[in-house]
file model29.cif (mmCIF, C-alpha atoms)
data_work
#
loop_
_atom_site.label_atom_id
_atom_site.label_comp_id
_atom_site.auth_asym_id
_atom_site.auth_seq_id
_atom_site.Cartn_x
_atom_site.Cartn_y
_atom_site.Cartn_z
CA MET F 1 -6.72 4.18 -38.82
CA ASP F 2 -8.99 6.30 -36.64
CA ALA F 3 -11.10 3.21 -35.91
CA LEU F 4 -7.99 1.30 -34.86
CA HIS F 5 -6.91 4.13 -32.56
CA THR F 6 -10.36 4.08 -30.97
CA VAL F 7 -10.12 0.33 -30.38
CA VAL F 8 -6.69 0.64 -28.78
CA ALA F 9 -7.97 3.44 -26.55
CA ASP F 10 -10.93 1.28 -25.54
CA ILE F 11 -8.60 -1.59 -24.65
CA TYR F 12 -6.50 0.59 -22.36
CA ALA F 13 -9.62 2.12 -20.82
CA ALA F 14 -10.94 -1.38 -20.05
CA ALA F 15 -7.69 -2.12 -18.20
CA VAL F 16 -8.60 0.39 -15.50
CA THR F 17 -12.40 0.13 -15.53
CA THR F 18 -13.15 -3.58 -16.02
CA PRO F 19 -12.82 -6.27 -13.31
CA LEU F 20 -9.71 -8.36 -13.88
CA ASP F 21 -11.57 -11.58 -14.61
CA ALA F 22 -13.63 -9.82 -17.33
CA PHE F 23 -10.86 -7.77 -18.95
CA LYS F 24 -9.72 -10.22 -21.61
CA GLN F 25 -13.24 -10.82 -22.87
CA ALA F 26 -13.93 -7.08 -22.95
CA ALA F 27 -10.70 -6.40 -24.83
CA LEU F 28 -11.42 -9.13 -27.37
CA ARG F 29 -14.89 -7.76 -28.02
CA SER F 30 -13.37 -4.32 -28.66
CA ILE F 31 -11.29 -5.76 -31.50
CA LYS F 32 -14.41 -6.75 -33.43
CA ALA F 33 -14.83 -3.12 -34.55
CA VAL F 34 -11.75 -3.40 -36.78
CA LEU F 35 -11.33 -7.17 -37.13
CA PRO F 36 -14.66 -9.03 -37.26
CA PHE F 37 -14.74 -12.52 -35.70
CA ASP F 38 -17.23 -14.63 -33.76
CA THR F 39 -15.46 -16.53 -30.98
CA ALA F 40 -11.96 -16.50 -29.52
CA VAL F 41 -9.41 -17.88 -27.09
CA TRP F 42 -6.80 -15.82 -25.22
CA ALA F 43 -4.18 -17.84 -23.37
CA SER F 44 -1.08 -16.92 -21.40
CA GLY F 45 1.78 -19.38 -21.12
CA VAL F 46 5.38 -20.41 -21.56
CA LEU F 47 6.79 -19.56 -24.99
CA SER F 48 9.65 -22.06 -25.21
CA SER F 49 7.49 -25.08 -24.34
CA ASN F 50 4.35 -23.86 -26.16
CA THR F 51 2.36 -24.40 -22.97
CA MET F 52 -0.92 -22.70 -22.07
CA LEU F 53 -1.14 -21.95 -18.35
CA THR F 54 -4.19 -19.66 -18.19
CA VAL F 55 -7.03 -19.51 -20.72
CA THR F 56 -9.96 -17.17 -21.33
CA LEU F 57 -12.70 -18.34 -23.70
CA LEU F 58 -14.97 -15.94 -25.57
CA ASP F 59 -18.28 -17.56 -26.56
CA GLN F 60 -16.84 -21.08 -26.58
CA PRO F 61 -17.64 -23.82 -24.01
CA ASP F 62 -15.07 -25.27 -21.62
CA GLU F 63 -15.42 -28.64 -23.36
CA MET F 64 -13.90 -27.13 -26.49
CA LEU F 65 -10.73 -26.24 -24.60
CA THR F 66 -10.46 -29.66 -22.96
CA GLU F 67 -10.81 -31.45 -26.29
CA TYR F 68 -8.30 -29.13 -27.97
CA ILE F 69 -5.62 -29.68 -25.33
CA THR F 70 -6.02 -33.44 -25.13
CA LYS F 71 -6.35 -34.23 -28.84
CA TRP F 72 -5.77 -31.38 -31.30
CA GLN F 73 -3.15 -28.94 -30.03
CA ALA F 74 -0.29 -30.89 -31.66
CA LEU F 75 -2.05 -30.62 -35.04
CA ASP F 76 -2.69 -26.85 -34.91
CA ASN F 77 -0.59 -25.45 -37.76
CA CYS F 78 -1.61 -21.83 -37.12
CA ARG F 79 -0.45 -21.98 -33.53
CA ASP F 80 2.76 -23.84 -34.38
CA ASN F 81 3.75 -21.18 -36.90
CA ALA F 82 2.80 -18.40 -34.50
CA VAL F 83 4.98 -19.92 -31.77
CA VAL F 84 8.10 -20.05 -33.97
CA SER F 85 7.50 -16.51 -35.29
CA PRO F 86 6.25 -14.45 -32.32
CA GLY F 87 4.57 -11.21 -33.25
CA THR F 88 3.46 -12.50 -36.66
CA ALA F 89 -0.19 -13.47 -37.24
CA TRP F 90 -1.10 -16.61 -39.18
CA CYS F 91 -4.33 -17.76 -40.82
CA ASN F 92 -5.36 -20.87 -42.76
CA ALA F 93 -5.21 -19.07 -46.12
CA MET F 94 -1.50 -18.36 -45.55
CA LEU F 95 -0.67 -21.95 -44.60
CA GLU F 96 -2.13 -25.05 -46.26
CA GLY F 97 -5.03 -23.08 -47.75
CA VAL F 98 -8.64 -22.89 -46.64
CA LYS F 99 -9.77 -25.81 -48.84
CA ALA F 100 -7.10 -28.11 -47.43
CA PHE F 101 -7.90 -26.99 -43.89
CA ARG F 102 -11.58 -27.78 -44.33
CA SER F 103 -10.80 -31.28 -45.50
CA SER F 104 -8.53 -32.00 -42.53
CA ALA F 105 -9.42 -34.21 -39.58
CA MET F 106 -8.97 -31.29 -37.21
CA TYR F 107 -11.60 -29.28 -39.05
CA LEU F 108 -14.06 -32.13 -39.59
CA GLU F 109 -13.88 -33.59 -36.08
CA PHE F 110 -13.11 -30.52 -33.96
CA CYS F 111 -13.40 -27.09 -35.58
CA HIS F 112 -16.63 -27.52 -37.52
CA PRO F 113 -18.57 -29.08 -34.59
CA TYR F 114 -17.61 -26.04 -32.48
CA GLY F 115 -18.58 -23.57 -35.20
CA ILE F 116 -15.00 -22.73 -36.22
CA GLU F 117 -14.73 -22.25 -39.98
CA ASP F 118 -11.53 -20.16 -40.05
CA VAL F 119 -8.70 -19.37 -37.63
CA LEU F 120 -6.38 -16.38 -37.09
CA THR F 121 -3.64 -16.74 -34.46
CA ILE F 122 -0.80 -14.66 -33.02
CA VAL F 123 1.71 -15.19 -30.20
CA GLN F 124 2.81 -11.96 -28.53
CA PRO F 125 6.01 -12.56 -26.50
CA SER F 126 7.01 -10.87 -23.27
CA PRO F 127 10.09 -8.67 -23.77
CA ASP F 128 11.73 -9.88 -20.55
CA LEU F 129 10.44 -13.37 -19.76
CA ASP F 130 9.90 -16.73 -21.44
CA MET F 131 6.16 -15.95 -21.43
CA ALA F 132 3.70 -15.02 -24.15
CA GLU F 133 0.07 -14.16 -24.86
CA VAL F 134 -1.64 -16.40 -27.42
CA VAL F 135 -4.72 -14.98 -29.16
CA ALA F 136 -6.79 -17.09 -31.56
CA LEU F 137 -9.78 -15.57 -33.35
CA PHE F 138 -12.43 -17.74 -35.03
CA ARG F 139 -15.06 -17.12 -37.68
CA SER F 140 -18.18 -19.27 -37.70
CA THR F 141 -19.18 -18.71 -41.33
CA PRO F 142 -17.34 -20.07 -44.40
CA GLU F 143 -16.96 -16.60 -45.93
CA PRO F 144 -15.21 -14.23 -45.67
CA VAL F 145 -11.99 -15.92 -44.65
CA PHE F 146 -9.12 -14.31 -42.78
CA GLY F 147 -6.37 -12.93 -45.00
CA ALA F 148 -3.36 -10.62 -45.07
CA PRO F 149 -5.33 -7.48 -44.00
CA GLU F 150 -6.67 -9.23 -40.89
CA CYS F 151 -3.21 -10.56 -40.06
CA ALA F 152 -1.79 -7.04 -40.29
CA THR F 153 -4.52 -5.65 -38.04
CA LEU F 154 -3.99 -8.32 -35.39
CA GLU F 155 -0.24 -7.68 -35.49
CA GLN F 156 -0.93 -4.00 -34.74
CA VAL F 157 -3.37 -4.76 -31.91
CA ALA F 158 -1.64 -7.68 -30.16
CA PRO F 159 1.15 -5.66 -28.47
CA HIS F 160 -1.50 -3.36 -26.99
CA LEU F 161 -3.48 -6.36 -25.72
CA ALA F 162 -0.40 -7.64 -23.89
CA THR F 163 0.52 -4.24 -22.46
CA ALA F 164 -3.03 -3.46 -21.36
CA TRP F 165 -3.25 -6.88 -19.72
CA GLY F 166 -0.28 -5.91 -17.58
CA HIS F 167 -1.97 -2.60 -16.71
CA ALA F 168 -5.15 -4.45 -15.77
CA GLN F 169 -3.26 -6.68 -13.33
CA ILE F 170 -1.56 -3.74 -11.63
CA THR F 171 -4.81 -1.76 -11.42
CA HIS F 172 -6.57 -4.78 -9.94
CA HIS F 173 -4.06 -5.14 -7.15
CA TYR F 174 -4.08 -1.47 -6.23
CA ARG F 175 -7.87 -1.64 -6.10
CA ALA F 176 -7.83 -4.87 -4.08
CA GLY F 177 -5.34 -3.42 -1.62
CA ALA F 178 -7.39 -0.26 -1.18
CA LEU F 179 -10.52 -2.29 -0.48
CA GLY F 180 -8.82 -4.70 1.88
CA GLY F 181 -9.08 -7.42 -0.74
CA GLY F 182 -6.24 -9.43 0.69
CA ILE F 183 -3.55 -8.79 -1.93
CA ALA F 184 -1.27 -5.79 -1.79
CA ALA F 185 -0.15 -3.86 -4.85
CA GLY F 186 3.37 -5.18 -4.41
CA GLU F 187 2.12 -8.74 -4.87
CA ALA F 188 0.80 -8.17 -8.38
CA GLN F 189 2.51 -11.28 -9.73
CA SER F 190 1.41 -13.61 -6.93
CA TYR F 191 -2.28 -14.11 -7.65
CA ALA F 192 -4.60 -16.23 -9.78
CA VAL F 193 -8.22 -15.94 -10.88
CA VAL F 194 -9.77 -19.40 -11.16
CA THR F 195 -13.14 -20.80 -12.26
CA ALA F 196 -15.14 -22.89 -9.83
CA GLY F 197 -13.90 -25.95 -11.71
CA GLY F 198 -10.26 -25.08 -11.13
CA ARG F 199 -9.31 -23.65 -14.55
CA LEU F 200 -6.93 -20.68 -14.49
CA CYS F 201 -8.38 -17.59 -16.19
CA ALA F 202 -5.53 -15.28 -15.21
CA ALA F 203 -2.42 -15.47 -13.07
CA GLY F 204 0.73 -13.56 -12.27
CA ASP F 205 4.13 -14.97 -13.18
CA ARG F 206 5.14 -15.58 -9.55
CA PHE F 207 1.99 -17.62 -8.95
CA LEU F 208 2.61 -19.73 -12.04
CA ALA F 209 6.24 -20.25 -11.07
CA ALA F 210 5.16 -21.32 -7.58
CA VAL F 211 2.75 -23.94 -8.89
CA HIS F 212 5.49 -25.23 -11.20
CA GLN F 213 7.85 -25.42 -8.24
CA ALA F 214 5.32 -27.42 -6.25
CA GLU F 215 4.29 -29.57 -9.23
CA PRO F 216 7.17 -29.73 -11.77
CA ASN F 217 5.16 -31.66 -14.38
CA TRP F 218 2.18 -29.30 -14.26
CA ARG F 219 1.21 -27.82 -17.61
CA GLY F 220 -2.14 -26.08 -16.94
CA PRO F 221 -4.62 -24.59 -17.50
CA ALA F 222 -6.32 -26.74 -14.84
CA LEU F 223 -4.73 -26.45 -11.39
CA PRO F 224 -3.17 -29.61 -9.92
CA PRO F 225 -5.66 -31.86 -8.08
CA TRP F 226 -4.11 -31.10 -4.69
CA MET F 227 -5.24 -27.47 -5.07
CA GLN F 228 -8.90 -28.33 -5.69
CA ALA F 229 -9.79 -28.19 -1.98
CA LEU F 230 -8.57 -24.60 -1.97
CA VAL F 231 -10.66 -23.74 -5.04
CA GLU F 232 -13.77 -25.37 -3.58
CA GLY F 233 -13.34 -23.62 -0.24
CA THR F 234 -12.91 -26.80 1.78
CA VAL F 235 -9.77 -25.09 3.09
CA GLU F 236 -8.87 -21.41 3.08
CA SER F 237 -5.11 -21.94 2.82
CA LEU F 238 -2.64 -24.73 2.23
CA ARG F 239 1.10 -25.18 2.34
CA ARG F 240 3.27 -27.01 -0.18
CA GLY F 241 6.87 -27.05 0.99
CA ASP F 242 7.86 -23.45 1.62
CA LEU F 243 4.95 -22.15 -0.47
CA GLU F 244 1.64 -20.95 0.93
CA PHE F 245 -1.55 -20.61 -1.13
CA TYR F 246 -4.63 -18.67 0.02
CA ARG F 247 -8.25 -18.44 -1.10
CA HIS F 248 -10.19 -15.17 -1.37
CA THR F 249 -13.90 -15.43 -2.25
CA ARG F 250 -14.91 -13.42 -5.33
CA GLY F 251 -18.44 -14.29 -6.51
CA GLU F 252 -18.48 -16.53 -9.56
CA THR F 253 -14.70 -16.84 -9.64
CA VAL F 254 -12.14 -17.56 -6.95
CA LEU F 255 -9.15 -15.33 -6.26
CA LEU F 256 -6.05 -17.19 -5.06
CA SER F 257 -2.79 -15.76 -3.82
CA MET F 258 0.56 -17.20 -2.81
CA ARG F 259 3.60 -16.35 -0.81
CA SER F 260 6.94 -18.01 -0.26
CA GLY F 261 6.11 -19.01 3.29
CA PHE F 262 7.61 -16.69 5.88
CA ASN F 263 10.80 -16.29 3.82
CA GLY F 264 11.35 -20.00 4.49
CA LEU F 265 10.76 -19.57 8.25
CA ARG F 266 7.69 -20.35 10.34
CA LEU F 267 6.29 -18.19 13.09
CA THR F 268 6.64 -19.77 16.50
CA ALA F 269 3.56 -20.32 18.65
CA ALA F 270 4.67 -17.48 20.93
CA GLU F 271 5.20 -15.13 17.97
CA THR F 272 1.78 -16.04 16.60
CA ARG F 273 0.06 -15.27 19.92
CA ALA F 274 1.83 -11.92 20.24
CA VAL F 275 1.26 -10.79 16.68
CA ARG F 276 -2.45 -11.69 16.76
CA LEU F 277 -2.92 -9.47 19.79
CA PHE F 278 -0.89 -6.76 18.06
CA ALA F 279 -3.12 -7.06 14.98
CA ASP F 280 -6.18 -6.65 17.23
CA GLY F 281 -4.84 -3.28 18.39
CA ALA F 282 -3.16 -4.19 21.67
CA THR F 283 -0.05 -2.24 22.65
CA GLN F 284 3.21 -3.99 23.45
CA LYS F 285 2.64 -3.30 27.16
CA GLU F 286 -0.87 -4.78 26.99
CA ILE F 287 0.41 -7.83 25.12
CA ALA F 288 3.08 -8.37 27.78
CA GLN F 289 0.48 -8.17 30.55
CA ARG F 290 -1.93 -10.56 28.84
CA LEU F 291 0.75 -13.14 28.01
CA GLY F 292 2.66 -12.76 31.28
CA ILE F 293 5.94 -11.89 29.61
CA SER F 294 8.18 -8.83 29.63
CA PRO F 295 7.71 -5.90 27.20
CA SER F 296 11.22 -6.53 25.86
CA THR F 297 10.24 -10.11 24.98
CA VAL F 298 7.19 -8.77 23.11
CA ARG F 299 9.40 -6.32 21.20
CA ASN F 300 11.77 -9.12 20.23
CA GLN F 301 8.91 -11.37 19.11
CA LEU F 302 7.31 -8.66 16.98
CA ALA F 303 10.70 -7.74 15.47
CA SER F 304 11.16 -11.40 14.54
CA VAL F 305 7.71 -11.50 12.90
CA TYR F 306 8.46 -8.35 10.88
CA ASP F 307 11.70 -9.94 9.69
CA LYS F 308 10.16 -13.31 8.81
CA LEU F 309 7.27 -11.74 6.90
CA GLY F 310 9.51 -9.21 5.17
CA CYS F 311 7.43 -6.28 6.42
CA HIS F 312 8.63 -2.74 7.09
CA SER F 313 5.48 -1.08 8.44
CA ARG F 314 2.39 -1.88 10.48
CA ILE F 315 0.25 -1.63 7.33
CA GLU F 316 2.42 -4.19 5.53
CA LEU F 317 2.33 -6.44 8.58
CA LEU F 318 -1.46 -6.35 8.84
CA GLN F 319 -1.73 -7.11 5.12
CA ALA F 320 0.62 -10.09 5.47
CA LEU F 321 -1.32 -11.38 8.46
CA ARG F 322 -4.62 -11.13 6.57
CA ASP F 323 -3.10 -13.07 3.70
CA ARG F 324 -2.20 -15.85 6.13
CA GLY F 325 -5.49 -15.85 7.95
CA LEU F 326 -3.91 -14.51 11.15
CA ALA F 327 -5.83 -11.22 11.26
#

call {"tool": "encode", "arguments": {"input": "model29.cif", "output": "structure tokens"}}
result
Amino acid sequence: MDALHTVVADIYAAAVTTPLDAFKQAALRSIKAVLPFDTAVWASGVLSSNTMLTVTLLDQPDEMLTEYITKWQALDNCRDNAVVSPGTAWCNAMLEGVKAFRSSAMYLEFCHPYGIEDVLTIVQPSPDLDMAEVVALFRSTPEPVFGAPECATLEQVAPHLATAWGHAQITHHYRAGALGGGIAAGEAQSYAVVTAGGRLCAAGDRFLAAVHQAEPNWRGPALPPWMQALVEGTVESLRRGDLEFYRHTRGETVLLSMRSGFNGLRLTAAETRAVRLFADGATQKEIAQRLGISPSTVRNQLASVYDKLGCHSRIELLQALRDRGLA
């Protein structure tokens, strides 16, 4: 039990010390101290439709995920049972049996070629939303196989993984806001971390909902093709209806953010000119002089911008302008 407590403490520590795009891998590696495994997948998605929207792979290639989604997901008994009984872990020994599993087409054509000899899966649901975390652990040797003790351990750890993942997201956004990273703490559900190829590693619920709104048939974990230009950096922002998506460079991964554009309203050309000068540090009197308008007109334009962007302070306004590439 002491070892388990240490692992849980390590997971929560990683939430505040590890970069967001590395947290899930770090947390999974921590589990190995009490539940040995070799490779893993951690996905976040919609519980009711059994849909993966973001996926983190631990020591498995991207091709494995692509093949699983396109050909084998519907035949995954462990995952199916985990979906219908959230919070309960399942392994091959508790289902059709290890011998039957290793004679199946899924094992022979998919699992074995990717070094997967045994599988342990759990779905940890969100208490408030139709969302869940899906964790699948794999062993690459025939023995020992997963059994009831490993299932019990994963059931103890999984709620902490989900909770710590939420802490990691909040910590990330406070840190990003403090460093001028382009996303304020209040927008903690409006971001996504994406690979250079466009696969979602992590995303907030508002971001996922926005992509669904723009692309109703989207199922992830790859972003829709129309977003690829944003991922590649060909454009720094794009609009889809009333939604706005923005790109923030982050080394090997890409950080995206979204907003419901201007509360459904666009800034006028005059408002844009005034607020850009304001963001550069000009006073209302100076703005009026430079644009040849009255100070009262400047006040009205800035008040309109505050209202459209939903801002209540200069700091919030500057953050919103940076998100939209206006400052």

call {"tool": "resolve_selection", "arguments": {"input": "model29.cif", "expression": "the PyMOL selection byres ((chain F and resi 25) around 9)", "output": "list in words"}}
result
Asp21, Ala22, Phe23, Lys24, Ala26, Ala27, Leu28, Arg29, Ser30, Ala40, Trp42, Thr56, Leu57 and Leu58 of chain F

call {"tool": "closest_residue", "arguments": {"input": "model29.cif", "among": "F:Leu256, F:Ala269, F:Val157, F:Ala13", "to": "Val211 in chain F", "atoms": "all atoms listed in the file"}}
result
F:Leu256

call {"tool": "resolve_selection", "arguments": {"input": "model29.cif", "expression": "the PyMOL selection byres ((chain F and resi 36) around 10)", "output": "PyMOL selection string"}}
result
chain F and resi 29-35+37-39+137-139+144+146+150

call {"tool": "residues_near_point", "arguments": {"input": "model29.cif", "point": "(-13.4, -23.4, -37.6)", "cutoff": "9 Å", "atoms": "all atoms listed in the file", "output": "list in words"}}
result
Arg102, Tyr107, Leu108, Phe110, Cys111, His112, Pro113, Tyr114, Gly115, Ile116, Glu117, Asp118, Val119, Phe138, Arg139, Ser140, Thr141 and Pro142 of chain F

call {"tool": "closest_residue", "arguments": {"input": "model29.cif", "among": "F:Val305, F:Ala82, F:Cys91, F:Ala152", "to": "Ile122 in chain F", "atoms": "only C-alpha atoms"}}
result
F:Ala82

call {"tool": "residues_around", "arguments": {"input": "model29.cif", "residues": "Leu20 in chain F", "least_positions_apart": "2", "cutoff": "9 Å", "atoms": "all atoms listed in the file", "output": "PDB file with C-alpha atoms, keeping the file's coordinate frame"}}
result
ATOM      1  CA  ALA F  15      -7.690  -2.120 -18.200  1.00  0.00           C
ATOM      2  CA  VAL F  16      -8.600   0.390 -15.500  1.00  0.00           C
ATOM      3  CA  THR F  18     -13.150  -3.580 -16.020  1.00  0.00           C
ATOM      4  CA  ALA F  22     -13.630  -9.820 -17.330  1.00  0.00           C
ATOM      5  CA  PHE F  23     -10.860  -7.770 -18.950  1.00  0.00           C
ATOM      6  CA  LYS F  24      -9.720 -10.220 -21.610  1.00  0.00           C
ATOM      7  CA  TRP F 165      -3.250  -6.880 -19.720  1.00  0.00           C
ATOM      8  CA  ALA F 168      -5.150  -4.450 -15.770  1.00  0.00           C
ATOM      9  CA  GLN F 169      -3.260  -6.680 -13.330  1.00  0.00           C
ATOM     10  CA  THR F 171      -4.810  -1.760 -11.420  1.00  0.00           C
ATOM     11  CA  HIS F 172      -6.570  -4.780  -9.940  1.00  0.00           C
ATOM     12  CA  VAL F 193      -8.220 -15.940 -10.880  1.00  0.00           C
ATOM     13  CA  ALA F 202      -5.530 -15.280 -15.210  1.00  0.00           C
TER      14      ALA F 202
END

call {"tool": "resolve_selection", "arguments": {"input": "model29.cif", "expression": "the PyMOL selection byres ((chain F and resi 48) around 9)", "output": "list of chain:residue names"}}
result
F:Val46, F:Leu47, F:Ser49, F:Asn50, F:Thr51, F:Val83, F:Asp130, F:Met131

call {"tool": "closest_residue", "arguments": {"input": "model29.cif", "among": "F:Gly292, F:Gly281, F:Pro86, F:Pro221", "to": "Tyr68 in chain F", "atoms": "all atoms listed in the file"}}
result
F:Pro221
